[in-house]
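Asker: Have a peek at upload-v9.cif (mmCIF, C-alpha atoms).
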data_start
#
loop_
_atom_site.label_atom_id
_atom_site.label_comp_id
_atom_site.auth_asym_id
_atom_site.auth_seq_id
_atom_site.Cartn_x
_atom_site.Cartn_y
_atom_site.Cartn_z
CA MET A 33 -29.36 3.24 14.22
CA GLU A 34 -27.56 6.52 14.76
CA ILE A 35 -23.94 7.17 14.01
CA ARG A 36 -22.05 10.24 15.09
CA ARG A 37 -18.64 11.49 16.08
CA ARG A 38 -18.16 12.27 19.77
CA ARG A 39 -14.75 13.67 20.58
CA ASN A 40 -12.30 10.82 20.03
CA GLN A 41 -14.93 8.22 19.38
CA ILE A 42 -17.33 7.18 16.69
CA GLU A 43 -20.56 6.29 18.41
CA ILE A 44 -23.06 3.94 16.87
CA SER A 45 -26.17 4.05 19.01
CA GLU A 46 -29.68 2.62 18.75
CA LEU A 47 -28.18 -0.53 17.29
CA ASP A 48 -30.97 -3.07 16.98
CA PRO A 49 -30.11 -6.73 17.63
CA PHE A 50 -30.02 -7.55 13.92
CA LEU A 51 -27.45 -4.87 13.05
CA ALA A 52 -25.53 -5.59 16.25
CA GLU A 53 -25.28 -9.21 15.15
CA LEU A 54 -24.02 -8.16 11.71
CA LEU A 55 -21.33 -6.11 13.40
CA ARG A 56 -20.40 -9.01 15.67
CA GLN A 57 -19.85 -11.11 12.56
CA ILE A 58 -17.16 -8.81 11.11
CA PRO A 59 -14.11 -10.75 12.40
CA ALA A 60 -15.56 -14.10 11.33
CA CYS A 61 -16.61 -12.77 7.92
CA ALA A 62 -13.15 -11.27 7.35
CA ASN A 63 -11.55 -14.69 7.55
CA PRO A 64 -11.01 -16.09 4.04
CA GLU A 65 -9.94 -19.56 5.22
CA GLY A 66 -11.73 -22.42 3.52
CA ALA A 67 -12.86 -20.28 0.59
CA PRO A 68 -10.25 -20.40 -2.19
CA ALA A 69 -11.87 -17.52 -4.12
CA ALA A 70 -11.71 -15.30 -1.04
CA GLU A 71 -8.12 -16.36 -0.25
CA GLU A 72 -7.19 -15.57 -3.83
CA ARG A 73 -8.73 -12.12 -3.59
CA ILE A 74 -7.33 -11.17 -0.19
CA PHE A 75 -3.85 -12.49 -1.00
CA SER A 76 -3.70 -11.61 -4.66
CA LEU A 77 -0.52 -12.12 -6.67
CA PRO A 78 1.79 -9.20 -7.45
CA THR A 79 1.77 -9.89 -11.20
CA ASN A 80 -0.74 -10.93 -13.81
CA GLY A 81 0.60 -14.46 -14.04
CA GLY A 82 4.15 -13.65 -15.12
CA GLU A 83 7.33 -13.59 -13.06
CA PRO A 84 6.89 -16.93 -11.27
CA GLU A 85 10.00 -16.35 -9.18
CA LEU A 86 8.66 -13.06 -7.87
CA CYS A 87 5.28 -14.66 -7.11
CA ALA A 88 6.96 -17.49 -5.19
CA GLU A 89 8.99 -15.01 -3.13
CA TRP A 90 5.83 -13.00 -2.55
CA LYS A 91 4.03 -16.05 -1.16
CA MET A 92 6.95 -16.83 1.09
CA TYR A 93 7.81 -13.40 2.47
CA VAL A 94 5.06 -10.86 1.80
CA GLU A 95 1.94 -12.96 2.34
CA PRO A 96 2.71 -13.86 5.97
CA GLU A 97 3.29 -10.16 6.68
CA LEU A 98 -0.06 -9.26 5.14
CA ARG A 99 -1.74 -12.08 7.05
CA ARG A 100 -0.40 -10.65 10.31
CA LEU A 101 -1.47 -7.14 9.32
CA PHE A 102 -5.04 -8.23 8.57
CA GLN A 103 -5.22 -10.37 11.70
CA THR A 104 -4.13 -7.46 13.90
CA ALA A 105 -6.88 -5.31 12.43
CA THR A 106 -9.60 -7.92 12.99
CA GLN A 107 -8.37 -8.52 16.55
CA THR A 108 -8.65 -4.80 17.31
CA VAL A 109 -12.16 -4.74 15.89
CA GLY A 110 -13.04 -7.92 17.77
CA ALA A 111 -11.95 -6.30 21.03
CA ASP A 112 -14.09 -3.19 20.31
CA LEU A 113 -17.06 -5.41 19.49
CA GLU A 114 -16.96 -6.97 22.96
CA GLN A 115 -18.98 -3.94 24.06
CA LEU A 116 -21.92 -5.57 22.34
CA ASN A 117 -21.68 -8.63 24.58
CA GLY A 118 -22.88 -6.86 27.71
CA ASN A 119 -25.51 -8.03 30.11
CA GLU A 120 -28.18 -5.85 28.59
CA LYS A 121 -31.42 -7.36 27.44
CA SER A 122 -30.71 -9.45 24.37
CA LEU A 123 -33.42 -7.71 22.38
CA GLY A 124 -32.56 -4.19 23.51
CA ASN A 125 -30.74 -1.66 21.37
CA ARG A 126 -27.04 -1.34 21.92
CA THR A 127 -24.39 1.34 21.61
CA LEU A 128 -20.94 0.77 20.18
CA ARG A 129 -18.11 3.25 20.69
CA ILE A 130 -15.13 3.01 18.36
CA PRO A 131 -12.01 4.96 19.38
CA THR A 132 -10.91 7.07 16.40
CA LYS A 133 -7.39 5.66 16.80
CA HIS A 134 -8.90 2.30 15.77
CA ALA A 135 -10.34 3.79 12.57
CA ASP A 136 -7.68 2.22 10.33
CA ALA A 137 -8.22 -1.20 11.87
CA TRP A 138 -11.97 -0.86 11.29
CA LEU A 139 -11.48 0.23 7.69
CA SER A 140 -9.26 -2.78 7.09
CA ALA A 141 -11.52 -5.30 8.84
CA LEU A 142 -14.64 -3.98 7.13
CA ASN A 143 -12.88 -4.13 3.79
CA GLN A 144 -11.64 -7.66 4.42
CA ALA A 145 -15.15 -8.75 5.39
CA ARG A 146 -16.74 -7.11 2.32
CA LEU A 147 -14.19 -8.66 -0.04
CA VAL A 148 -14.49 -12.12 1.50
CA ILE A 149 -18.30 -12.08 1.44
CA ALA A 150 -18.32 -10.79 -2.15
CA ALA A 151 -15.82 -13.44 -3.26
CA LYS A 152 -17.67 -16.26 -1.49
CA ASN A 153 -20.97 -15.24 -3.09
CA ASN A 154 -19.42 -14.29 -6.41
CA PHE A 155 -21.41 -11.06 -6.52
CA THR A 156 -21.52 -9.26 -9.83
CA GLU A 157 -20.77 -5.55 -10.21
CA LEU A 158 -24.44 -5.01 -11.02
CA GLU A 159 -25.58 -6.66 -7.79
CA LEU A 160 -23.07 -4.70 -5.75
CA SER A 161 -24.20 -1.39 -7.19
CA ASP A 162 -27.89 -2.16 -6.71
CA HIS A 163 -28.51 -0.33 -3.46
CA LEU A 164 -32.28 -0.31 -3.88
CA ARG A 165 -32.60 -4.07 -3.85
CA SER A 166 -35.82 -5.59 -2.57
CA PRO A 167 -36.04 -6.78 1.06
CA ILE A 168 -33.88 -9.65 2.23
CA GLY A 169 -35.38 -12.87 0.99
CA SER A 170 -32.46 -15.23 0.85
CA ARG A 171 -29.05 -15.93 2.32
CA ARG A 172 -27.54 -14.27 -0.75
CA ASP A 173 -29.64 -11.13 -0.18
CA LEU A 174 -28.51 -11.04 3.43
CA SER A 175 -24.88 -11.27 2.38
CA LEU A 176 -25.37 -8.44 -0.08
CA PHE A 177 -27.02 -6.34 2.62
CA GLN A 178 -24.05 -7.11 4.87
CA VAL A 179 -21.60 -5.90 2.19
CA ASN A 180 -23.56 -2.67 1.78
CA PHE A 181 -23.96 -2.12 5.52
CA TYR A 182 -20.23 -2.54 6.09
CA GLY A 183 -19.63 -0.21 3.15
CA PHE A 184 -21.84 2.42 4.75
CA LEU A 185 -19.80 2.20 7.96
CA GLN A 186 -16.58 2.48 5.97
CA GLU A 187 -17.88 5.63 4.26
CA PHE A 188 -18.77 7.19 7.58
CA ILE A 189 -15.38 6.38 9.13
CA LEU A 190 -13.59 7.75 6.06
CA ARG A 191 -15.60 10.97 6.19
CA GLU A 192 -14.81 11.38 9.87
CA MET A 193 -11.12 10.75 9.29
CA GLU A 194 -11.06 13.36 6.53
CA SER A 195 -12.82 15.97 8.62
CA SER A 196 -10.53 15.50 11.63
CA MET B 159 62.39 15.77 -4.30
CA ARG B 160 58.73 16.44 -3.55
CA HIS B 161 58.29 14.52 -0.33
CA GLN B 162 55.09 15.32 1.46
CA PRO B 163 54.76 14.97 5.21
CA VAL B 164 53.00 11.74 6.18
CA ALA B 165 50.08 13.59 7.80
CA LEU B 166 49.38 15.48 4.60
CA TRP B 167 49.55 12.28 2.56
CA ILE B 168 46.98 10.66 4.87
CA TRP B 169 44.85 13.77 4.57
CA ILE B 170 44.91 13.59 0.79
CA PHE B 171 44.38 9.87 0.46
CA PRO B 172 40.92 9.58 2.03
CA ARG B 173 39.76 12.58 0.06
CA PHE B 174 41.01 10.89 -3.03
CA GLU B 175 39.00 7.77 -2.27
CA VAL B 176 35.84 9.75 -1.72
CA ARG B 177 36.25 11.52 -5.02
CA ALA B 178 36.80 8.22 -6.80
CA ALA B 179 33.55 6.91 -5.40
CA TYR B 180 31.67 9.90 -6.77
CA VAL B 181 33.25 9.34 -10.18
CA SER B 182 32.05 5.78 -10.16
CA ILE B 183 28.49 6.87 -9.40
CA PHE B 184 28.85 9.54 -12.06
CA TYR B 185 29.56 6.91 -14.69
CA MET B 186 26.85 4.58 -13.46
CA SER B 187 24.22 7.25 -13.41
CA VAL B 188 21.56 6.99 -16.11
CA GLU B 189 20.97 10.74 -16.03
CA PRO B 190 24.05 12.89 -16.67
CA LEU B 191 24.97 15.06 -13.70
CA ALA B 192 23.98 18.68 -13.87
CA ALA B 193 26.77 21.05 -14.84
CA GLU B 194 26.81 22.70 -11.43
CA VAL B 195 27.58 19.31 -9.87
CA ALA B 196 29.76 17.78 -12.57
CA VAL B 197 32.12 20.72 -13.14
CA PRO B 198 33.23 21.18 -9.51
CA LEU B 199 33.57 17.41 -9.28
CA ILE B 200 35.92 17.24 -12.26
CA LEU B 201 37.82 20.33 -11.12
CA GLY B 202 38.20 18.74 -7.71
CA ILE B 203 39.80 15.68 -9.22
CA VAL B 204 42.15 17.76 -11.37
CA ARG B 205 43.13 19.78 -8.32
CA LEU B 206 43.79 16.63 -6.33
CA LYS B 207 45.97 15.23 -9.09
CA SER B 208 48.19 18.28 -9.07
CA VAL B 209 48.52 18.29 -5.28
CA ALA B 210 48.99 14.56 -4.80
CA PRO B 211 52.54 13.22 -4.53
CA SER B 212 53.93 11.46 -7.55
CA THR B 213 54.16 8.18 -5.63
CA VAL B 214 50.40 7.88 -5.60
CA ASP B 215 48.98 6.00 -8.54
CA ALA B 216 46.46 7.69 -10.71
CA PRO B 217 42.91 6.82 -9.72
CA THR B 218 41.42 3.82 -11.39
CA VAL B 219 38.07 5.01 -12.55
CA GLU B 220 35.94 2.02 -13.25
CA LYS B 221 33.70 2.60 -16.19
CA GLU B 222 30.82 0.37 -15.31
CA THR B 223 28.75 -0.93 -18.12
CA ARG B 224 25.08 -0.09 -18.22
CA ALA B 225 24.07 -3.58 -19.21
CA GLU B 226 22.43 -4.34 -15.88
CA ASP B 227 20.65 -1.02 -15.78
CA ALA B 228 19.40 -1.55 -19.28
CA LEU B 229 18.05 -4.97 -18.36
CA ASP B 230 16.33 -3.68 -15.25
CA LEU B 231 13.75 -1.74 -17.17
CA PRO B 232 11.26 0.36 -15.27
CA TRP B 233 8.17 -1.29 -13.88
CA HIS B 234 4.65 0.00 -13.68
CA VAL B 235 2.57 -0.20 -10.52
CA VAL B 236 -0.93 -0.90 -11.83
CA VAL B 237 -4.15 -0.83 -9.82
CA HIS B 238 -7.07 -2.81 -11.22
CA ASN B 239 -10.77 -2.22 -10.88
CA ASP B 240 -12.56 -3.94 -8.06
CA PRO B 241 -16.31 -3.55 -7.63
CA VAL B 242 -16.12 -3.97 -3.85
CA ASN B 243 -13.64 -1.29 -2.82
CA LEU B 244 -15.28 2.08 -2.25
CA MET B 245 -14.23 4.98 -4.44
CA SER B 246 -13.55 7.18 -1.41
CA TYR B 247 -11.44 4.42 0.13
CA VAL B 248 -9.37 3.94 -3.03
CA THR B 249 -8.76 7.70 -3.22
CA MET B 250 -7.60 7.75 0.39
CA VAL B 251 -5.22 4.84 -0.24
CA PHE B 252 -3.65 6.58 -3.26
CA GLN B 253 -3.13 9.70 -1.19
CA ARG B 254 -1.54 7.74 1.63
CA VAL B 255 0.66 5.38 -0.37
CA PHE B 256 1.89 7.75 -3.08
CA GLY B 257 1.43 11.06 -1.28
CA TYR B 258 -0.66 12.32 -4.16
CA PRO B 259 -2.86 15.37 -3.68
CA ARG B 260 -6.55 14.64 -3.54
CA ASP B 261 -7.35 15.70 -7.13
CA LYS B 262 -4.59 13.51 -8.57
CA ALA B 263 -5.63 10.57 -6.40
CA GLU B 264 -9.22 11.03 -7.57
CA ARG B 265 -8.17 11.15 -11.22
CA HIS B 266 -6.41 7.81 -10.83
CA MET B 267 -9.33 6.34 -8.91
CA LEU B 268 -11.72 7.37 -11.70
CA GLU B 269 -9.37 5.91 -14.29
CA VAL B 270 -9.41 2.61 -12.41
CA HIS B 271 -13.19 2.75 -12.18
CA GLN B 272 -13.83 3.72 -15.80
CA LYS B 273 -10.99 2.05 -17.69
CA GLY B 274 -10.44 -0.92 -15.42
CA ARG B 275 -6.87 0.00 -14.52
CA SER B 276 -4.53 2.86 -13.88
CA ILE B 277 -0.75 3.15 -13.78
CA LEU B 278 -0.03 4.76 -10.45
CA TRP B 279 3.74 4.84 -10.54
CA SER B 280 6.65 3.80 -12.74
CA GLY B 281 10.23 3.18 -11.75
CA MET B 282 12.72 0.64 -10.57
CA ARG B 283 11.60 -2.76 -9.37
CA GLU B 284 12.38 -2.49 -5.67
CA PRO B 285 10.28 0.59 -4.86
CA ALA B 286 7.60 -0.72 -7.23
CA GLU B 287 7.41 -3.94 -5.20
CA LEU B 288 7.12 -1.95 -2.00
CA TYR B 289 4.26 0.09 -3.45
CA VAL B 290 2.42 -3.06 -4.51
CA GLN B 291 2.95 -4.55 -1.06
CA GLN B 292 1.49 -1.43 0.55
CA LEU B 293 -1.48 -1.46 -1.84
CA HIS B 294 -2.12 -5.11 -1.00
CA GLY B 295 -2.00 -4.12 2.65
CA TYR B 296 -4.97 -1.88 1.87
CA LEU B 297 -6.57 -4.77 -0.04
CA LEU B 298 -6.40 -3.12 -3.43
CA LEU B 299 -5.86 -5.24 -6.54
CA ALA B 300 -2.41 -4.11 -7.60
CA THR B 301 0.24 -5.65 -9.83
CA LEU B 302 3.71 -4.99 -11.13
CA GLU B 303 4.15 -4.81 -14.87
CA LYS B 304 7.47 -4.71 -16.65
CA ILE B 305 7.68 -1.99 -19.26
CA CYS B 306 8.55 -3.65 -22.54
#
Take the structure I supplied and represent it as structure tokens, if you would.
Answerer:
Amino acid sequence: MEIRRRRNQIEISELDPFLAELLRQIPACANPEGAPAAEERIFSLPTNGGEPELCAEWKMYVEPELRRLFQTATQTVGADLEQLNGNEKSLGNRTLRIPTKHADAWLSALNQARLVIAAKNNFTELELSDHLRSPIGSRRDLSLFQVNFYGFLQEFILREMESS
Amino acid sequence: MRHQPVALWIWIFPRFEVRAAYVSIFYMSVEPLAAEVAVPLILGIVRLKSVAPSTVDAPTVEKETRAEDALDLPWHVVVHNDPVNLMSYVTMVFQRVFGYPRDKAERHMLEVHQKGRSILWSGMREPAELYVQQLHGYLLLATLEKIC
């Protein structure tokens, strides 16, 4: 896989089918529905347990706004990812071009996906900081790899945003 | 008799109202006004009193109590550590939300990382709520804490 900035686009080329599939999964992974721990993390309360009135108002007025915000970001990313659904050979390498104006949406969707996966798997801080983990041997390992891969993409997008 | 023409009376009256509003804010303010603001303000009122016709009642300056202000203590906007969010991402969010320069944003990010939390901003509840909402929009773990 190669990732570079080309004018107003971030180009991810030489994407093998495995990594392309991980990218395709971003919108689905970003959805916390059905996982209370993930819901709790994505829509965290504005206080540490106190101020029940404020928390109730937050749930009623702020949470729907946030839900819309996150949904818009994942929809933008989903639309960009349609490039990976071309008629090319299914086992061939792909190229994904992300318009730089979608960078914020990608940062948000990648972050949502990382948080949801981490919450669903209840990853510890130690696991998340272990970047030299042994090859993928379980579903949990795959999820951890996914979190780190999305993190790598986030880092690259952030660096590109800073430099522009 | 010191009758003023009607036009002049109308001209004075709105000015009078505006001054009264400033006085009210002056009394409500937690911080005393700076001398360069307060002195012309007071002089302005004195001048108006001497010009105004005798038929006009003296302004009723409401001395508002500070009870509500005292109850609405400042709130902290606190960001908590989260092992998932990237350090570079958190720094960027602090720069964007609070307009902090990079070094200040990094200091806060490191405080979150090392101490588990950092107070990013303190002030009245409404802007504090807006900051927390923005931070949640960036998926950071942020809370409001009342200063006791």
Asker: Could you please select, counting only C-alpha atoms, the residues of chain A within 6 Å of chain B and state them as a count of residues only?
Answerer: 3
Asker: Centre and edge lengths of an axis-aligned box around all listed atoms of range 135-150 of chain A, with 3 Å added on each side, are to be given in Å to one decimal, as lines of an AutoDock Vina configuration file.
Answerer:
center_x = -13.0
center_y = -4.2
center_z = 5.2
size_x = 16.6
size_y = 21.9
size_z = 20.7
Asker: Quick one: apply the PyMOL selection byres ((chain A and resi 190-194) around 12) to the file and drop the selected residues here as an mmCIF file with C-alpha atoms, keeping the file's coordinate frame.
Answerer:
data_model
loop_
_atom_site.group_PDB
_atom_site.id
_atom_site.type_symbol
_atom_site.label_atom_id
_atom_site.label_comp_id
_atom_site.auth_asym_id
_atom_site.auth_seq_id
_atom_site.Cartn_x
_atom_site.Cartn_y
_atom_site.Cartn_z
ATOM 1 C CA ILE A 35 -23.940 7.170 14.010
ATOM 2 C CA ARG A 36 -22.050 10.240 15.090
ATOM 3 C CA ARG A 37 -18.640 11.490 16.080
ATOM 4 C CA ARG A 38 -18.160 12.270 19.770
ATOM 5 C CA ARG A 39 -14.750 13.670 20.580
ATOM 6 C CA ASN A 40 -12.300 10.820 20.030
ATOM 7 C CA GLN A 41 -14.930 8.220 19.380
ATOM 8 C CA ILE A 42 -17.330 7.180 16.690
ATOM 9 C CA GLU A 43 -20.560 6.290 18.410
ATOM 10 C CA ILE A 130 -15.130 3.010 18.360
ATOM 11 C CA PRO A 131 -12.010 4.960 19.380
ATOM 12 C CA THR A 132 -10.910 7.070 16.400
ATOM 13 C CA LYS A 133 -7.390 5.660 16.800
ATOM 14 C CA HIS A 134 -8.900 2.300 15.770
ATOM 15 C CA ALA A 135 -10.340 3.790 12.570
ATOM 16 C CA ASP A 136 -7.680 2.220 10.330
ATOM 17 C CA ALA A 137 -8.220 -1.200 11.870
ATOM 18 C CA TRP A 138 -11.970 -0.860 11.290
ATOM 19 C CA LEU A 139 -11.480 0.230 7.690
ATOM 20 C CA SER A 140 -9.260 -2.780 7.090
ATOM 21 C CA LEU A 142 -14.640 -3.980 7.130
ATOM 22 C CA GLY A 183 -19.630 -0.210 3.150
ATOM 23 C CA PHE A 184 -21.840 2.420 4.750
ATOM 24 C CA LEU A 185 -19.800 2.200 7.960
ATOM 25 C CA GLN A 186 -16.580 2.480 5.970
ATOM 26 C CA GLU A 187 -17.880 5.630 4.260
ATOM 27 C CA PHE A 188 -18.770 7.190 7.580
ATOM 28 C CA ILE A 189 -15.380 6.380 9.130
ATOM 29 C CA SER A 195 -12.820 15.970 8.620
ATOM 30 C CA SER A 196 -10.530 15.500 11.630
ATOM 31 C CA LEU B 244 -15.280 2.080 -2.250
ATOM 32 C CA MET B 245 -14.230 4.980 -4.440
ATOM 33 C CA SER B 246 -13.550 7.180 -1.410
ATOM 34 C CA TYR B 247 -11.440 4.420 0.130
ATOM 35 C CA VAL B 248 -9.370 3.940 -3.030
ATOM 36 C CA THR B 249 -8.760 7.700 -3.220
ATOM 37 C CA MET B 250 -7.600 7.750 0.390
ATOM 38 C CA VAL B 251 -5.220 4.840 -0.240
ATOM 39 C CA GLN B 253 -3.130 9.700 -1.190
ATOM 40 C CA ARG B 260 -6.550 14.640 -3.540
#
Asker: Just to confirm, what's the straight-line distance from CA of Val179 in chain A to CA of Leu147 in chain A in Å (one decimal)?
Answerer: 8.2 Å
Asker: Which residues are close to range 46-57 of chain A, i.e. within 10 Å by all atoms listed in the file, leaving aside same-chain residues fewer than 3 positions away? Reply as an MDAnalysis selection string.
Answerer: chainID A and resid 33:35 43 60:62 109:110 112:117 121:128 142 145 174:175 177:178 181:182
Asker: So how many Å separate CA of Gln107 in chain A and CA of Phe252 in chain B, to one decimal?
Answerer: 25.4 Å
Asker: At what distance in Å, to one decimal, does CA of Leu293 in chain B lie from CA of Ala111 in chain A?
Answerer: 25.6 Å
Asker: Given the file above and the PyMOL selection byres ((chain B and resi 281) around 7), which residues are selected, and can you give them as a count of residues only?
Answerer: 8
Asker: Please return as a ChimeraX atom specification every residue within 10 Å of (-16.5, -13.8, -3.5), taking into account only C-alpha atoms and the file's own coordinates.
Answerer: /A:64,67-73,146-156 /B:242
